[in-house]
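Engineer: Below you will find the structure I want to go over with you.
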Amino acid sequence: MITTEDLLKLLSTQSGGALAFLDREKLTELIRFWIADIGLPKRYFDIVAPEDIIKHVQSLAAGLAGQEANGQGFDLTIRHEARSSALYVVPSSIAGQAQDMMRYNSACKNSSPVHEIENYIEKIYFSRFRVVNMGDNENKLVGDEKCFQNNEPILTRKTSAIALTSPESPSAETSVLANCPFRLQAFRSRLPVDKSSGTHLRMYLLQACQFHNTKPDDGETSLEQLADKTFLRDIDGKTREAYQQVVKRTVETDEPVFEFFPDFEDEGQKATLLLISHFIGDTHSFFVGMPAVYRHYYMFAHTKYVEMFSNGLIVFAFYLCPLSTIQQVDGTMIEPSSKLQSRMAHMEQDACLHFVLPKHSFTPMFTAGKLTVQETAYAYCASKFAFHFLNRGERDHREVALALQSSEALAALSRLRAAFRMHAFNEGFVVDAVYANRDLVSLLYDDFASRHMPKFMHRRSRILSAQDSEAGASIGREEGKEKLIQMVRDHCKTEAERTIFEAFVAFNTAILKTNFYKPAKRSISFRVESSILSSTAFSEQPFAVFMVIGAEFRGFHVRFRDVSRGGIRLVRSRYPQAYNNNVSALFDECFNLASTQQRKNKDIPEGGSKGVILLGWKHQSKGEVAFHKFVDSILDCILPDDQYMVDHYGKEELLFLGPDEGTAEFMDWASLHARKRGYKYWKAFTTGKSTSLGGIPHDKYGMTTNSVRAYVEGIQQKLGLDPSKCTKMQTGGPDGDLGSNEIKMGLEKTIAVVDGSGVLYDPEGINAKHLVQLANQRITVSNLPKDSISPKGFFIGVDDVDVTLPTGEVVSSGVDFRNIFHLNPMVHVDFFVPCGGRPAAVSTENFKTFLYDNDGHLRVKYVVEGANLFFTQEARLKIEEAGVTANKGGVTSSSLEVLAALCLTDAEFEEHMQVKSGVIPDLYQTYVKEVQCIINSNARLEFECMWRHKEKTDEPMSIISDLLSNKIVHLRDAILNSDRIWHDEQLRSKISTLFDSRSSQVLRQAIPKTLQGFRPIEELTKRLPVVYLKTLFASYLSSRFVYSCGLHASDLAFFDYVQDLKEQS
């Protein structure tokens, strides 16, 4: 290692310089102090050249001289950056001698040198990566620049890679290559650099990782395969064992791990080691925010380490020491009131919450010491609940709604209510109320904890909190609610604040279970009682509501029956105002989509459900991370941890998820993750999986499109239309599931397609061959060869500006043109088939523009909906009043995918329903063909039933569609509630195949004959969950009765229908 004499010799060769004013004795003393006395780690001398060490001594001398000259505090900043290493030195926030146990100066705020440099380090070195699935045969580092080792990308694994996510890059003046993984060692100087103030230095050393194995196997846990070479060389056996323990747990569970290890020593200082391990991208702002957590418990970190591993794992290590005294803002000194062990126990819980919500609107209340970590996390979640659910103006809304008669007026009232929500009670207003009532927030959190904190944590919490509960037992959900409301009314000064905090009370009492106190969680989920929804604001009450809050998102899941299935939608926002609109409409959109799915699911056992995940404005690239966290938290509530969760519901929950906008590629992960979490129905947990996991791809087999095409073709047959002579426009392009199959299966001449890339229009007909090629490749219409478009046609991309159309019209904004092209008067078609698009794209405000051109001529003759909620119900009615036929489609494939997964054991499913190496099992092929037949049959039955009803009543098809769905759903519910029908063994056991009407019916009809041929019906029904079997029985019986007997069939007709089934042989 370099010596004082070495540096003095080097200085003697330099003329002048910043140290020339010092005599040799002072210079020798200063150099010795820097390289020997203050305790710089050996790593410093490994990465810093002698010439640079001299510069650092110069900086030290300048800092001391400046302090002496101006009488102010000591100031020193060293910043040394290179391509494979970096060094940062700043004054520490901790002062005093080691034997005094240190003092924390509370003047250290977010603007301190330590906070600023740690924020910079985290942003540049640790927040620019995420784990992404790359497939079995492709491993690469995605980014602007790549860091390679032996011509291979660093930080990859079999099924994942590390991808750059942050658009920010190191500043122009730095030469750091922060696009590859670095490891960090942060140290505190052993001696103060300024004896008068006791100021120490905090040093941060970063080195580029060099891994033994850049492509470890999936599931690899050995440090020898995953860790950096220098790390493995320098680490001692005890520390290696601790790291190995947390790495192994994280890989095996996919969950963050928080673990304390007492009696450790680092750089000569005894400490408690806190290791925090998680996969890269699972949180943000964690490193810079963690000091506030341990300082809250009167601890400081003597040293800090950050290690990145080649499988995408990152481990934070904090060597924590206790503070003996704490200096308050007013200068007074206090001592910790609790024992070190108690502080550690609470710190673990707070570190978990900080991991989940590292930085949010109430974080300043924690760093300022006004609320605890748990209180700020509670305030954040409760404020989101209040914004989305607080009842404001509902009484007035009810009175006005009752006074209105027309559906158009009611729709206008609904829009006014949404606008009122956005502007009158925006989120900023709720945040202000929390800041103005922190004492009330603390009291309400105490109530929340008394209801939902596990008993053993209550007993432990009395060490630090003011709770005086003797037993620490959780109280009932509704207990004490009126007393809480009265407390809110007495405390709040305004009616608006009372409304907000009454919503906090509703939040506390509506929760049936939450993972808030579960240590290993990735986001916070709440299963809430659906009775919280206002009966005036929402048309019907769902069965269950989940609210999920994460660092990058918020989301809801609504289901209308105990057994339900529906897609998970990921919502991104192109600009801030769009985000504000999406926030305001988030729950309403989720509710409406689930309600629509409930009606669509009339033919199948599962009720309707829908999940919607809204990405935060600053996290638009975190869709996959948000989806993972959302699903993981839902599983927390479905599989409640008895130790850390109070379950006020106490029943098994059966939930199935499916793909929707932005989530189709994540279904495999969700299913496999459910298996890892121990969910016994993991095979059926998600639909839309790849064929290797037994999924039935809707796009490959045209499942969703089959039902839509049944309506299109049904209309053409009833009206004698030649498909080849019909024109068509569709929203949702060749890159989507429904859009691609509509293109491939349709025989009409398509003249317009609108998708995410823009608008493709050709009045002479878009080249069908090229369009099908795009559909086969699942790519957008922007890829259509431009020379195939006629002179009258065009493509306008979303990024185009000031483009002149063949008509002479100038398009100023491509995205605006795309968003309203379905209303453009130049388009005249026979069929309009929305296969994608945002909800309420056509409403009572614009339905006339949709229907008529500028001369009053009809633009569209027939509408068949594939996309949910593209039209409002009021708009549908107006469209049908104009003589346009409108229908809505449905799909059964996903339900039958669930049924097969439930009926087969894991081994059977793997052998007979999973496609491996391109080999399709016979059972799979047969089953898929039967599924297609069932879908077509259901769609034909539905269409024929609706058409017959229309011919008799002349009611609008939109009304008939809802009447049909409601009739079947209500009858299904009545059957489920009737023990007599379910326990009628003769009816239940009447068995036949779906297409053999001569045989006995119901359960053998409902279960596809392919499965019955594989295993006896008695065995299949034993494997199905009882609640699922009952809904399967009820859904099939109700739908077949309505399709057979019509919408106006009486209760007596149903009795006769059941008797006929029982008498069939």
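Each chain in the structure tokens gets a letter, A, B, ..., in the order shown, and its residues are numbered from 1; ligands are numbered from 1 in order too.
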As a ChimeraX atom specification, please: all residues of region 484-540 of chain A that backbone DSSP puts in strand (DSSP E).

Structural biologist: /A:511-514,524-528

Engineer: So that I can check the surroundings of Glu589 (chain A), please list as a VMD selection string every protein, DNA and RNA residue that reaches within 12 Å of it, counting only C-alpha atoms and ignoring chain neighbours fewer than 2 positions away.

Structural biologist: chain A and resid 388 418 538 555 to 558 569 to 571 581 to 587 591 to 596 609 to 614 838 to 840 868 to 870

Engineer: Give the answer as one residue: which of A:Arg1015, A:Asp954, A:Ile604, A:Ile981 has the shortest atom-to-atom distance to Leu923 (chain A), using only C-alpha atoms?

Structural biologist: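 Using only C-alpha atoms, the shortest distance to Leu923 (chain A) belongs to A:Arg1015.
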
Engineer: If we count only C-alpha atoms and set the cut-off at 7 Å, which residues sit around region 266-279 of chain A, ignoring sequence neighbours fewer than 3 positions away in its own chain? Please answer as a list in words.

Structural biologist: Val246, Val247, Thr250, Glu255, Pro256, Val257, Phe258, Glu259, Phe260, Phe261, Pro262, Asp263, Asp282, Gly312, Leu313, Ile314, Val315, Phe316, Ala317, Phe318, Tyr319, Leu320 and Cys321 of chain A

Engineer: Quick one, how far is CA of Asp722 (chain A) from CA of Tyr701 (chain A)?

Structural biologist: 24.9 Å

Engineer: Identify which of the residues A:Gly866, A:Pro791, A:Gly695, A:Gly688 lies closest to Gln730 (chain A), counting only C-alpha atoms when measuring atom-to-atom distances.

Structural biologist: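 Answer, going by the shortest atom-to-atom distance: A:Gly866.
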
Engineer: Counting only C-alpha atoms, which residue out of A:Asp447, A:Tyr862, A:Ser812, A:Ser222 sits closest to Leu721 (chain A)?

Structural biologist: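 The shortest atom-to-atom distance to Leu721 (chain A) comes from A:Tyr862.
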
Engineer: So, counting only C-alpha atoms, which residue among A:Leu774, A:Ala875, A:Val842, A:Ala710 is closest to Ile935 (chain A)?

Structural biologist: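 When distances to Ile935 (chain A) are compared using only C-alpha atoms, the smallest one comes from A:Ala710.
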
Engineer: Between A:Ser692, A:Phe943, A:Phe831, A:Lys878, which has the minimum distance to Glu845 (chain A) (counting only C-alpha atoms)?

Structural biologist: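 That would be A:Lys878, the residue with the smallest distance to Glu845 (chain A).
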